[in-house]
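Structure file start_32.tsv; described as TSV, C-alpha atoms and all ligand atoms.
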chain	number	residue	atom	x	y	z
A	1	MET	CA	-6.81	-152.18	180.15
A	2	GLY	CA	-9.58	-152.15	177.54
A	3	LEU	CA	-7.15	-151.90	174.64
A	4	ARG	CA	-7.98	-153.80	171.48
A	5	PRO	CA	-5.58	-154.26	168.58
A	6	PHE	CA	-6.60	-153.70	164.98
A	7	SER	CA	-4.82	-153.53	161.65
A	8	ASN	CA	-1.54	-151.61	161.22
A	9	ASN	CA	-0.62	-152.62	164.79
A	10	ILE	CA	-2.43	-149.54	166.07
A	11	ARG	CA	-4.32	-150.15	169.27
A	12	LYS	CA	-7.96	-149.27	169.53
A	13	PRO	CA	-8.22	-146.88	172.47
A	14	GLU	CA	-10.58	-147.00	175.40
A	15	LEU	CA	-13.54	-144.61	175.09
A	16	LEU	CA	-13.92	-143.05	178.54
A	17	ALA	CA	-17.20	-141.31	179.37
A	18	PRO	CA	-18.34	-139.09	182.25
A	19	ALA	CA	-21.34	-139.79	184.47
A	20	GLY	CA	-22.84	-137.66	187.24
A	21	ASP	CA	-25.11	-140.39	188.58
A	22	LEU	CA	-25.84	-144.10	188.24
A	23	ARG	CA	-28.41	-143.67	185.49
A	24	ARG	CA	-25.99	-141.71	183.30
A	25	CYS	CA	-23.27	-144.27	184.04
A	26	LEU	CA	-25.43	-147.14	182.77
A	27	THR	CA	-26.42	-145.05	179.76
A	28	ALA	CA	-22.76	-144.39	178.89
A	29	ILE	CA	-21.98	-148.11	178.98
A	30	ARG	CA	-25.08	-149.00	176.95
A	31	TYR	CA	-24.09	-146.47	174.29
A	32	GLY	CA	-20.59	-147.89	173.91
A	33	ALA	CA	-18.25	-146.47	176.55
A	34	ASP	CA	-15.40	-148.85	177.42
A	35	ALA	CA	-15.01	-147.10	180.76
A	36	VAL	CA	-16.86	-144.49	182.81
A	37	TYR	CA	-15.43	-142.07	185.33
A	38	ILE	CA	-17.57	-141.08	188.25
A	39	GLY	CA	-17.15	-139.25	191.55
A	40	GLY	CA	-18.10	-140.23	195.04
A	41	ARG	CA	-19.63	-137.68	197.37
A	42	SER	CA	-16.26	-136.81	198.87
A	43	PHE	CA	-12.70	-136.24	197.74
A	44	SER	CA	-13.73	-135.43	194.15
A	45	LEU	CA	-13.76	-132.30	192.03
A	46	ARG	CA	-17.17	-131.55	190.61
A	47	SER	CA	-18.54	-132.76	193.93
A	48	ARG	CA	-21.77	-130.99	193.02
A	49	ALA	CA	-22.08	-133.40	190.08
A	50	SER	CA	-21.24	-136.45	192.13
A	51	ASN	CA	-24.26	-138.34	193.25
A	52	PHE	CA	-22.71	-141.75	193.72
A	53	THR	CA	-23.16	-143.38	197.08
A	54	MET	CA	-20.93	-146.38	197.79
A	55	ASP	CA	-23.91	-148.58	196.94
A	56	ASP	CA	-24.27	-146.80	193.56
A	57	ILE	CA	-20.56	-147.36	192.93
A	58	ARG	CA	-21.00	-151.08	193.63
A	59	GLN	CA	-23.95	-151.22	191.21
A	60	ALA	CA	-21.97	-149.31	188.56
A	61	CYS	CA	-19.07	-151.79	188.92
A	62	ALA	CA	-21.41	-154.79	188.66
A	63	PHE	CA	-23.09	-153.41	185.51
A	64	ALA	CA	-19.71	-152.50	183.99
A	65	SER	CA	-18.37	-155.96	184.70
A	66	GLU	CA	-21.39	-157.58	182.95
A	67	HIS	CA	-20.66	-155.44	179.88
A	68	GLY	CA	-16.87	-155.71	179.84
A	69	ALA	CA	-16.45	-152.07	180.89
A	70	ARG	CA	-14.47	-150.38	183.65
A	71	ILE	CA	-15.22	-147.85	186.38
A	72	HIS	CA	-12.77	-145.09	187.31
A	73	VAL	CA	-13.42	-142.91	190.34
A	74	THR	CA	-12.18	-139.35	190.72
A	75	VAL	CA	-10.36	-138.70	193.98
A	76	ASN	CA	-8.86	-135.55	192.55
A	77	ILE	CA	-9.22	-132.82	195.13
A	78	ILE	CA	-6.13	-130.81	196.04
A	79	PRO	CA	-6.30	-131.90	199.68
A	80	HIS	CA	-5.48	-129.81	202.71
A	81	ASN	CA	-4.40	-131.59	205.91
A	82	GLU	CA	-7.93	-131.97	207.22
A	83	ASP	CA	-9.13	-133.57	203.97
A	84	PHE	CA	-7.36	-136.87	204.73
A	85	GLU	CA	-9.77	-137.93	207.44
A	86	GLY	CA	-11.51	-141.12	206.29
A	87	LEU	CA	-9.68	-141.15	202.96
A	88	GLY	CA	-7.79	-144.42	203.57
A	89	GLU	CA	-11.03	-146.27	204.42
A	90	TYR	CA	-12.74	-144.71	201.39
A	91	LEU	CA	-9.99	-145.99	199.07
A	92	GLN	CA	-10.32	-149.47	200.57
A	93	GLN	CA	-14.09	-149.38	200.01
A	94	LEU	CA	-13.55	-148.41	196.36
A	95	GLN	CA	-11.19	-151.34	195.89
A	96	GLU	CA	-13.67	-153.74	197.51
A	97	ALA	CA	-16.50	-152.36	195.34
A	98	GLY	CA	-14.62	-153.45	192.21
A	99	VAL	CA	-13.46	-150.01	191.01
A	100	HIS	CA	-10.64	-150.37	188.48
A	101	ALA	CA	-8.84	-147.04	188.83
A	102	ILE	CA	-8.77	-143.80	190.75
A	103	ILE	CA	-7.98	-140.44	189.18
A	104	VAL	CA	-5.73	-138.52	191.52
A	105	ALA	CA	-4.11	-135.08	191.60
A	106	SER	CA	-2.18	-135.29	194.85
A	107	PRO	CA	1.09	-137.24	195.39
A	108	ALA	CA	0.00	-137.82	198.99
A	109	ILE	CA	-3.23	-139.51	197.85
A	110	MET	CA	-1.25	-141.62	195.36
A	111	ALA	CA	1.04	-142.82	198.15
A	112	LEU	CA	-1.94	-143.51	200.43
A	113	ALA	CA	-3.71	-145.47	197.68
A	114	ARG	CA	-0.62	-147.61	197.08
A	115	GLU	CA	-0.56	-148.45	200.79
A	116	LYS	CA	-4.29	-148.91	201.50
A	117	ALA	CA	-5.74	-150.10	198.19
A	118	PRO	CA	-2.90	-151.48	196.05
A	119	LYS	CA	-5.20	-153.14	193.50
A	120	LEU	CA	-6.56	-149.77	192.33
A	121	GLU	CA	-4.80	-148.40	189.25
A	122	ILE	CA	-3.57	-144.85	189.77
A	123	HIS	CA	-4.32	-142.38	187.01
A	124	CYS	CA	-2.71	-138.96	187.29
A	125	SER	CA	-5.39	-136.33	186.90
A	126	THR	CA	-5.24	-133.57	184.31
A	127	GLN	CA	-5.08	-131.27	187.35
A	128	LEU	CA	-1.37	-132.14	187.45
A	129	SER	CA	-0.92	-130.38	184.09
A	130	VAL	CA	1.39	-133.01	182.56
A	131	THR	CA	2.67	-131.44	179.35
A	132	ASN	CA	6.03	-133.23	179.00
A	133	ALA	CA	7.49	-136.76	179.06
A	134	GLY	CA	9.71	-136.04	182.07
A	135	ALA	CA	6.74	-135.21	184.28
A	136	ALA	CA	4.83	-138.27	183.05
A	137	GLU	CA	7.79	-140.57	183.77
A	138	PHE	CA	8.26	-138.97	187.18
A	139	PHE	CA	4.70	-139.84	188.18
A	140	ARG	CA	5.13	-143.41	186.86
A	141	LYS	CA	8.52	-144.14	188.40
A	142	LYS	CA	8.32	-142.28	191.68
A	143	LEU	CA	4.64	-142.51	192.50
A	144	GLY	CA	3.55	-145.65	190.67
A	145	ALA	CA	1.13	-144.05	188.23
A	146	ASP	CA	-0.34	-146.57	185.78
A	147	ARG	CA	-1.73	-143.87	183.53
A	148	VAL	CA	-1.22	-140.16	182.99
A	149	VAL	CA	-4.13	-137.98	181.93
A	150	LEU	CA	-2.50	-135.38	179.72
A	151	ALA	CA	-3.08	-131.68	180.21
A	152	ARG	CA	-5.70	-130.35	177.83
A	153	GLU	CA	-3.11	-127.75	176.86
A	154	CYS	CA	-0.89	-130.35	175.09
A	155	THR	CA	-0.24	-130.03	171.37
A	156	MET	CA	-0.33	-133.19	169.22
A	157	GLU	CA	3.47	-133.14	169.20
A	158	ASP	CA	3.44	-133.10	173.03
A	159	VAL	CA	1.00	-136.03	173.03
A	160	ARG	CA	3.20	-138.03	170.63
A	161	LYS	CA	6.41	-137.44	172.57
A	162	ILE	CA	4.92	-138.17	175.98
A	163	THR	CA	3.15	-141.33	174.76
A	164	GLU	CA	6.32	-142.56	173.06
A	165	LYS	CA	8.67	-141.87	175.95
A	166	CYS	CA	6.54	-142.62	179.00
A	167	GLU	CA	6.00	-146.26	179.93
A	168	ALA	CA	2.70	-145.48	181.63
A	169	GLU	CA	-0.47	-145.30	179.52
A	170	THR	CA	-1.63	-141.89	178.36
A	171	GLU	CA	-5.19	-140.55	178.32
A	172	ALA	CA	-6.22	-137.54	176.25
A	173	PHE	CA	-9.35	-135.39	176.24
A	174	ILE	CA	-11.33	-135.53	173.01
A	175	HIS	CA	-14.51	-133.68	173.89
A	176	GLY	CA	-16.16	-131.34	176.39
A	177	GLY	CA	-15.59	-128.24	178.47
A	178	MET	CA	-12.22	-126.52	178.72
A	179	CYS	CA	-10.79	-124.36	181.46
A	180	VAL	CA	-9.58	-120.96	180.34
A	181	ASN	CA	-6.72	-121.43	182.80
A	182	TYR	CA	-4.54	-124.52	183.01
A	183	SER	CA	-6.95	-127.01	184.57
A	184	GLY	CA	-6.53	-127.03	188.30
A	185	ARG	CA	-4.46	-123.87	188.41
A	186	CYS	CA	-7.31	-121.47	188.72
A	187	THR	CA	-8.66	-119.56	191.68
A	188	LEU	CA	-11.26	-117.45	189.91
A	189	SER	CA	-14.08	-119.33	191.62
A	190	ASN	CA	-12.31	-119.22	195.00
A	191	ARG	CA	-11.92	-115.45	194.78
A	192	MET	CA	-15.33	-114.61	193.43
A	193	THR	CA	-17.58	-117.06	195.23
A	194	LEU	CA	-15.43	-118.52	198.03
A	195	ARG	CA	-16.04	-121.88	196.36
A	196	ASP	CA	-12.77	-123.79	196.03
A	197	ALA	CA	-12.35	-125.01	192.45
A	198	ASN	CA	-9.78	-127.54	193.57
A	199	ARG	CA	-11.95	-129.00	196.26
A	200	GLY	CA	-14.99	-129.63	194.09
A	201	GLY	CA	-16.68	-126.25	194.17
A	202	CYS	CA	-15.89	-124.51	190.87
A	203	ALA	CA	-18.64	-121.98	190.12
A	204	GLN	CA	-17.40	-121.64	186.53
A	205	SER	CA	-16.76	-117.96	187.10
A	206	CYS	CA	-14.86	-117.80	183.80
A	207	ARG	CA	-18.17	-118.31	182.01
A	208	TRP	CA	-20.02	-115.46	183.67
A	209	LEU	CA	-20.77	-112.26	181.80
A	210	TYR	CA	-18.75	-109.24	182.88
A	211	HIS	CA	-18.98	-105.51	182.33
A	212	LEU	CA	-15.63	-104.33	180.99
A	213	TYR	CA	-14.20	-101.05	182.29
A	214	GLU	CA	-11.10	-99.04	181.43
A	215	ASN	CA	-10.11	-96.20	183.74
A	216	GLY	CA	-13.59	-96.22	185.23
A	217	SER	CA	-15.44	-96.02	181.92
A	218	GLU	CA	-17.45	-98.95	180.66
A	219	LEU	CA	-16.13	-99.96	177.25
A	220	SER	CA	-19.42	-101.39	176.11
A	221	ASN	CA	-22.62	-102.14	177.94
A	222	GLU	CA	-24.15	-103.93	174.97
A	223	ASN	CA	-21.72	-106.81	174.57
A	224	LEU	CA	-20.83	-108.21	177.94
A	225	MET	CA	-17.47	-109.92	178.27
A	226	THR	CA	-16.80	-113.53	179.24
A	227	LEU	CA	-13.55	-115.43	179.66
A	228	GLY	CA	-15.24	-118.72	178.86
A	229	SER	CA	-13.57	-121.06	176.39
A	230	LYS	CA	-15.37	-122.86	173.62
A	231	ASP	CA	-15.81	-126.59	174.19
A	232	LEU	CA	-13.39	-129.17	172.83
A	233	MET	CA	-14.51	-131.27	169.82
A	234	CYS	CA	-11.89	-133.60	168.33
A	235	ALA	CA	-13.51	-135.62	165.54
A	236	ASP	CA	-10.65	-134.56	163.24
A	237	TRP	CA	-7.98	-135.59	165.75
A	238	ILE	CA	-9.15	-139.13	166.52
A	239	TRP	CA	-6.92	-140.78	163.92
A	240	PRO	CA	-3.73	-138.82	164.87
A	241	LEU	CA	-4.39	-139.60	168.55
A	242	MET	CA	-4.77	-143.29	167.70
A	243	GLN	CA	-1.55	-143.21	165.67
A	244	ALA	CA	0.21	-141.59	168.62
A	245	GLY	CA	-0.70	-144.64	170.73
A	246	VAL	CA	-2.91	-142.86	173.28
A	247	SER	CA	-4.61	-145.53	175.41
A	248	SER	CA	-7.76	-143.71	176.43
A	249	PHE	CA	-9.96	-141.02	174.86
A	250	LYS	CA	-11.76	-138.99	177.47
A	251	ILE	CA	-15.03	-137.09	177.19
A	252	GLU	CA	-15.49	-134.31	179.76
A	253	GLY	CA	-18.85	-133.56	181.39
A	254	ARG	CA	-19.98	-135.11	184.66
A	255	MET	CA	-22.51	-132.27	184.94
A	256	LYS	CA	-24.04	-133.08	181.54
A	257	THR	CA	-27.42	-134.70	180.92
A	258	GLU	CA	-28.24	-138.29	180.10
A	259	TYR	CA	-29.04	-137.21	176.53
A	260	TYR	CA	-25.65	-135.54	176.12
A	261	VAL	CA	-23.84	-138.62	177.44
A	262	ALA	CA	-25.76	-140.99	175.13
A	263	CYS	CA	-25.35	-138.78	172.08
A	264	VAL	CA	-21.65	-137.95	172.44
A	265	VAL	CA	-20.61	-141.46	173.50
A	266	SER	CA	-22.58	-143.03	170.66
A	267	ALA	CA	-21.10	-140.59	168.11
A	268	TYR	CA	-17.47	-141.15	169.16
A	269	ARG	CA	-18.07	-144.93	169.47
A	270	HIS	CA	-19.15	-145.05	165.82
A	271	LEU	CA	-16.30	-142.77	164.74
A	272	ILE	CA	-13.57	-144.78	166.52
A	273	ASP	CA	-15.00	-148.10	165.30
A	274	GLU	CA	-15.23	-146.87	161.72
A	275	ILE	CA	-11.61	-145.67	161.76
A	276	ALA	CA	-10.58	-149.01	163.28
A	277	GLU	CA	-12.45	-150.95	160.60
A	278	ASN	CA	-11.00	-148.70	157.93
A	279	GLY	CA	-7.49	-149.16	159.35
A	280	GLY	CA	-6.78	-145.49	158.72
A	281	PRO	CA	-8.24	-141.99	158.41
A	282	LEU	CA	-11.73	-141.45	157.02
A	283	SER	CA	-12.75	-139.41	154.01
A	284	GLU	CA	-13.80	-135.79	154.58
A	285	GLU	CA	-17.36	-136.79	153.74
A	286	ARG	CA	-17.47	-139.46	156.48
A	287	LEU	CA	-15.79	-137.15	158.99
A	288	ALA	CA	-18.37	-134.47	158.27
A	289	TRP	CA	-21.14	-137.01	158.97
A	290	HIS	CA	-19.55	-137.94	162.33
A	291	ARG	CA	-19.03	-134.28	163.27
A	292	LYS	CA	-22.73	-133.72	162.68
A	293	GLN	CA	-23.69	-136.63	164.97
A	294	ILE	CA	-21.45	-135.27	167.74
A	295	MET	CA	-22.86	-131.77	167.40
A	296	TYR	CA	-26.41	-133.09	167.92
A	297	ALA	CA	-25.54	-133.07	171.61
A	298	GLU	CA	-23.83	-129.70	171.83
A	299	ASN	CA	-25.25	-126.41	172.98
A	300	ARG	CA	-22.00	-124.45	172.91
A	301	SER	CA	-19.53	-123.45	170.25
A	302	THR	CA	-16.61	-125.83	169.83
A	303	PHE	CA	-12.96	-125.81	168.70
A	304	SER	CA	-10.26	-128.46	168.49
A	305	GLY	CA	-8.29	-127.34	171.53
A	306	PHE	CA	-4.51	-127.14	171.49
A	307	TYR	CA	-3.79	-130.23	169.39
A	308	GLY	CA	-3.15	-128.10	166.30
A	309	GLY	CA	-0.93	-125.65	168.22
A	310	ARG	CA	-1.53	-122.64	170.40
A	311	ALA	CA	-5.20	-121.75	170.74
A	312	GLU	CA	-6.05	-118.34	169.33
A	313	SER	CA	-8.43	-115.79	170.85
A	314	SER	CA	-11.08	-117.18	168.50
A	315	SER	CA	-11.24	-120.19	170.85
A	316	LEU	CA	-12.89	-118.00	173.47
A	317	ILE	CA	-16.56	-117.09	173.62
A	318	TYR	CA	-16.60	-113.35	173.99
A	319	HIS	CA	-20.32	-112.92	173.69
A	320	MET	CA	-22.00	-115.94	175.15
A	321	THR	CA	-25.04	-117.09	173.22
A	322	SER	CA	-26.53	-119.30	175.92
A	323	ASN	CA	-28.38	-122.23	174.37
A	324	ALA	CA	-28.60	-120.69	170.92
A	325	ASP	CA	-26.81	-123.65	169.36
A	326	VAL	CA	-29.00	-126.42	170.81
A	327	ASN	CA	-30.24	-128.35	167.80
A	328	HIS	CA	-32.08	-131.33	169.34
A	329	ASP	CA	-34.53	-131.75	172.21
A	330	PHE	CA	-34.51	-134.78	174.48
A	331	LEU	CA	-38.15	-135.91	174.58
A	332	GLY	CA	-37.98	-139.10	176.63
A	333	THR	CA	-36.68	-142.64	176.98
A	334	VAL	CA	-38.21	-145.88	175.75
A	335	LYS	CA	-39.37	-148.07	178.62
A	336	ALA	CA	-40.76	-150.94	176.53
A	337	TYR	CA	-41.52	-151.85	172.93
A	338	ASP	CA	-44.46	-154.03	171.86
A	339	ARG	CA	-43.53	-155.81	168.61
A	340	ASP	CA	-47.10	-156.97	167.93
A	341	LYS	CA	-48.61	-153.51	168.27
A	342	GLY	CA	-45.55	-151.62	166.93
A	343	THR	CA	-45.76	-149.17	169.82
A	344	ALA	CA	-43.36	-147.92	172.48
A	345	LEU	CA	-43.95	-146.76	176.04
A	346	ILE	CA	-42.06	-143.50	176.55
A	347	GLU	CA	-41.04	-141.98	179.88
A	348	THR	CA	-41.39	-138.31	178.97
A	349	ARG	CA	-38.94	-135.45	179.55
A	350	ASN	CA	-40.05	-132.56	177.30
A	351	LEU	CA	-43.20	-131.56	175.48
A	352	PHE	CA	-43.97	-133.18	172.14
A	353	SER	CA	-47.10	-133.24	169.98
A	354	ARG	CA	-49.00	-135.49	167.64
A	355	ASP	CA	-47.72	-135.27	164.01
A	356	GLU	CA	-44.29	-134.05	165.08
A	357	ALA	CA	-41.21	-135.51	163.35
A	358	VAL	CA	-38.97	-137.32	165.85
A	359	GLN	CA	-36.02	-139.74	165.88
A	360	ILE	CA	-34.83	-142.61	168.06
A	361	LEU	CA	-31.21	-142.65	169.20
A	362	SER	CA	-30.22	-146.18	170.18
A	363	PRO	CA	-27.03	-148.07	171.03
A	364	TYR	CA	-28.05	-150.17	168.01
A	365	GLY	CA	-27.91	-147.16	165.68
A	366	ILE	CA	-29.76	-144.02	164.67
A	367	ASN	CA	-33.06	-144.62	162.95
A	368	ASP	CA	-34.88	-142.57	160.37
A	369	THR	CA	-37.07	-139.69	161.33
A	370	PHE	CA	-40.77	-140.59	161.70
A	371	ARG	CA	-43.99	-138.76	162.53
A	372	ILE	CA	-46.03	-139.53	165.64
A	373	PRO	CA	-49.57	-140.35	164.44
A	374	TRP	CA	-51.06	-140.55	167.94
A	375	ILE	CA	-50.17	-140.32	171.63
A	376	ARG	CA	-52.02	-142.16	174.43
A	377	ASP	CA	-51.71	-141.70	178.18
A	378	GLU	CA	-51.58	-144.57	180.68
A	379	GLU	CA	-55.40	-144.85	180.73
A	380	GLY	CA	-55.51	-145.13	176.93
A	381	ASN	CA	-56.84	-141.58	176.38
A	382	GLU	CA	-55.67	-139.93	173.15
A	383	LEU	CA	-53.66	-136.73	173.66
A	384	ASP	CA	-52.87	-133.96	171.21
A	385	ALA	CA	-49.54	-133.50	173.03
A	386	SER	CA	-47.53	-134.97	175.88
A	387	ARG	CA	-47.04	-132.02	178.21
A	388	ARG	CA	-45.90	-133.48	181.54
A	389	PRO	CA	-42.38	-134.75	182.31
A	390	MET	CA	-41.76	-138.16	183.87
A	391	VAL	CA	-45.07	-139.73	182.90
A	392	THR	CA	-45.54	-142.71	180.59
A	393	VAL	CA	-47.22	-142.35	177.21
A	394	GLU	CA	-47.62	-144.75	174.29
A	395	ILE	CA	-46.73	-143.86	170.68
A	396	PRO	CA	-46.39	-145.92	167.49
A	397	VAL	CA	-42.76	-146.48	166.36
A	398	PRO	CA	-42.30	-147.89	162.83
A	399	PHE	CA	-39.26	-150.05	163.70
A	400	GLU	CA	-38.05	-152.00	166.70
A	401	ALA	CA	-37.13	-149.77	169.63
A	402	HIS	CA	-35.25	-150.96	172.73
A	403	GLU	CA	-35.50	-150.22	176.41
A	404	GLU	CA	-33.58	-147.01	177.29
A	405	ASP	CA	-33.44	-145.83	173.65
A	406	ILE	CA	-33.80	-142.05	173.45
A	407	LEU	CA	-36.59	-140.16	171.68
A	408	ARG	CA	-35.41	-136.80	170.33
A	409	ARG	CA	-36.57	-134.03	167.98
A	410	ALA	CA	-34.48	-131.84	165.70
A	411	ARG	CA	-35.00	-128.12	166.19
A	412	ILE	CA	-35.84	-126.46	162.92
A	501	LIG	S1	-13.49	-120.87	186.81
A	501	LIG	FE1	-13.32	-121.61	184.68
A	501	LIG	S2	-11.10	-121.73	184.30
A	501	LIG	FE2	-11.37	-121.63	186.53
A	501	LIG	S3	-11.43	-123.79	187.22
A	501	LIG	FE3	-13.55	-123.12	186.90
A	501	LIG	S4	-14.03	-123.74	184.77
A	501	LIG	FE4	-11.77	-123.77	184.99
Structure encoded using structure tokens:
Amino acid sequence: MGLRPFSNNIRKPELLAPAGDLRRCLTAIRYGADAVYIGGRSFSLRSRASNFTMDDIRQACAFASEHGARIHVTVNIIPHNEDFEGLGEYLQQLQEAGVHAIIVASPAIMALAREKAPKLEIHCSTQLSVTNAGAAEFFRKKLGADRVVLARECTMEDVRKITEKCEAETEAFIHGGMCVNYSGRCTLSNRMTLRDANRGGCAQSCRWLYHLYENGSELSNENLMTLGSKDLMCADWIWPLMQAGVSSFKIEGRMKTEYYVACVVSAYRHLIDEIAENGGPLSEERLAWHRKQIMYAENRSTFSGFYGGRAESSSLIYHMTSNADVNHDFLGTVKAYDRDKGTALIETRNLFSRDEAVQILSPYGINDTFRIPWIRDEEGNELDASRRPMVTVEIPVPFEAHEEDILRRARI
């Protein structure tokens, strides 16, 4: 199950990352995820983020197996009668592909999976809103759930009690987007866009900007209203969640970029490992350092969810600031490093210029900032800047870089 013991008899949890396509899945594993959850093109929420063909799923399983990681597949739609067509065969294909677990929100799909693909672990989706031990035990005993993904609305006390009393494993969210409603119990998107949030079509209507009226008069046309919640960020809750015995720490975000996946996975990997090595909580100074690494990926305000108790109105974003909080740009990925020349070939993503200060984010660590003395295109011509995405350029890097490392730049 990906659980590793460490001192004080506290188990080291699985770090579970999201991936919207094969490339992001491999990135998550390279940057330290113990498991990755992905979605096929059918039967999954976030179907718009799901670009995995069955062949991609097979490749993801093969790569995961080489690296001692696991693949979980979301089959978490709230199905209507017509949604079952082809589902049994799909579950069998997942089992044959080497998938370890499916994440499910429907008792009918759980029963079908037990019958058609009994080797697949069943993980109860957060869509089931499990907030108490009785519900968790019900899903384990009656429907054979191996793991229960806890509702994001659980307090730490809820997490402790459920994990202690339920014999199935528990999985808790540690980072990413939140629903303003109980996850899976929302029809905002259905009403406003005719896109069914529980069949993969959420339009995130809670995050739109709204004009607010009272008795026909607009209250303010300067500050538009949004219901959107801040994102979850749980650096401070990692140790209590480990003490509670939670088996898996989940990062939300199958719609997120490769850079986000690499940055957040890497940051939580280092945090969890450092706590494990320490055998207990970290100093405030070390926690502050880890928080900073996590926030290098964020472009939204964050809060620590419900773990500390009921979330206040300050957990909502009333006046959305778009990308105002983005603090790093993803410039490209390393395709090769030449030790003799001390240069790297970069597949570009965003504009960068000669003399700019940049940094390499790598599964092997975060290196010091360095300046780019020159940039050459594929023909060896010197450039003052790399302006085109998805082309290859050469730059000097003053330390060893590795294939698929990420080149990034801090925004001043
Ligand atoms: S509209 Fe917002 S609250 Fe509703 S399901 Fe979508 S993300 Fe969640």
> Distance CA of Cys234 in chain A-CA of Glu298 in chain A, one decimal place?
Replying inline: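 Going from CA of Cys234 in chain A over to CA of Glu298 in chain A, I get 13.0 Å.
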>> Counting all atoms listed in the file, what are the residues, protein, DNA or RNA alike, that approach ligand LIG 501 (chain A) to within 12 Å? I want them as a ChimeraX atom specification.
In response: /A:45-46,126-127,152,176-208,226-231,252-253,316
Excluding range 361-368 of chain A and residues on its chain fewer than 6 positions from it, collect all residues at most 7 Å away from it, counting all atoms listed in the file, and give them as a compact mmCIF listing (two decimals) with C-alpha atoms, in the frame of the given file.
# COMPACT_ATOMS: atom_id res chain seq x y z
CA ARG A 30 -25.08 -149.00 176.95
CA TYR A 31 -24.09 -146.47 174.29
CA SER A 266 -22.58 -143.03 170.66
CA ASP A 405 -33.44 -145.83 173.65
CA ILE A 406 -33.80 -142.05 173.45
CA LEU A 407 -36.59 -140.16 171.68
Residues within 12 Å of range 336-343 of chain A, please, as an mmCIF file with C-alpha atoms, in the coordinates of the input. Count all atoms listed in the file; anything in the same chain fewer than 3 positions from it doesn't count.
data_model
loop_
_atom_site.group_PDB
_atom_site.id
_atom_site.type_symbol
_atom_site.label_atom_id
_atom_site.label_comp_id
_atom_site.auth_asym_id
_atom_site.auth_seq_id
_atom_site.Cartn_x
_atom_site.Cartn_y
_atom_site.Cartn_z
ATOM 1 C CA THR A 333 -36.680 -142.640 176.980
ATOM 2 C CA ILE A 346 -42.060 -143.500 176.550
ATOM 3 C CA GLU A 347 -41.040 -141.980 179.880
ATOM 4 C CA ILE A 372 -46.030 -139.530 165.640
ATOM 5 C CA PRO A 373 -49.570 -140.350 164.440
ATOM 6 C CA TRP A 374 -51.060 -140.550 167.940
ATOM 7 C CA ILE A 375 -50.170 -140.320 171.630
ATOM 8 C CA ARG A 376 -52.020 -142.160 174.430
ATOM 9 C CA THR A 392 -45.540 -142.710 180.590
ATOM 10 C CA VAL A 393 -47.220 -142.350 177.210
ATOM 11 C CA GLU A 394 -47.620 -144.750 174.290
ATOM 12 C CA ILE A 395 -46.730 -143.860 170.680
ATOM 13 C CA PRO A 396 -46.390 -145.920 167.490
ATOM 14 C CA VAL A 397 -42.760 -146.480 166.360
ATOM 15 C CA PRO A 398 -42.300 -147.890 162.830
ATOM 16 C CA PHE A 399 -39.260 -150.050 163.700
ATOM 17 C CA GLU A 400 -38.050 -152.000 166.700
ATOM 18 C CA ALA A 401 -37.130 -149.770 169.630
ATOM 19 C CA HIS A 402 -35.250 -150.960 172.730
ATOM 20 C CA GLU A 403 -35.500 -150.220 176.410
ATOM 21 C CA GLU A 404 -33.580 -147.010 177.290
ATOM 22 C CA ASP A 405 -33.440 -145.830 173.650
ATOM 23 C CA ILE A 406 -33.800 -142.050 173.450
#
> Which of these, A:Ser386, A:Ser283, A:Asn350, A:Thr27, has the shortest distance to Val264 in chain A once you count all atoms listed in the file?
Replying inline: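 The shortest atom-to-atom distance to Val264 in chain A comes from A:Thr27.
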> What's the 9 Å shell around His72 in chain A, counting only C-alpha atoms, without same-chain residues fewer than 2 positions away, as JSON, numbers by chain?
Replying inline: {"A": [35, 36, 37, 38, 39, 70, 74, 99, 100, 101, 102, 103, 121, 123]}
Just-selected residues, C-alpha atoms written as a compact mmCIF listing (two decimals), in the coordinates of the input:
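Result saved to out.txt:
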# COMPACT_ATOMS: atom_id res chain seq x y z
CA ALA A 35 -15.01 -147.10 180.76
CA VAL A 36 -16.86 -144.49 182.81
CA TYR A 37 -15.43 -142.07 185.33
CA ILE A 38 -17.57 -141.08 188.25
CA GLY A 39 -17.15 -139.25 191.55
CA ARG A 70 -14.47 -150.38 183.65
CA THR A 74 -12.18 -139.35 190.72
CA VAL A 99 -13.46 -150.01 191.01
CA HIS A 100 -10.64 -150.37 188.48
CA ALA A 101 -8.84 -147.04 188.83
CA ILE A 102 -8.77 -143.80 190.75
CA ILE A 103 -7.98 -140.44 189.18
CA GLU A 121 -4.80 -148.40 189.25
CA HIS A 123 -4.32 -142.38 187.01
>> Please compute the CA of Leu91 in chain A-CA of Val261 in chain A distance, one decimal, in Å.
In response: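 Interatomic distance, CA of Leu91 in chain A to CA of Val261 in chain A: 26.7 Å.
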> Contacts of range 52-55 of chain A at 6 Å or less, counting all atoms listed in the file, minus same-chain residues fewer than 2 places along, as JSON, numbers by chain?
Replying inline: {"A": [21, 40, 50, 57, 58]}
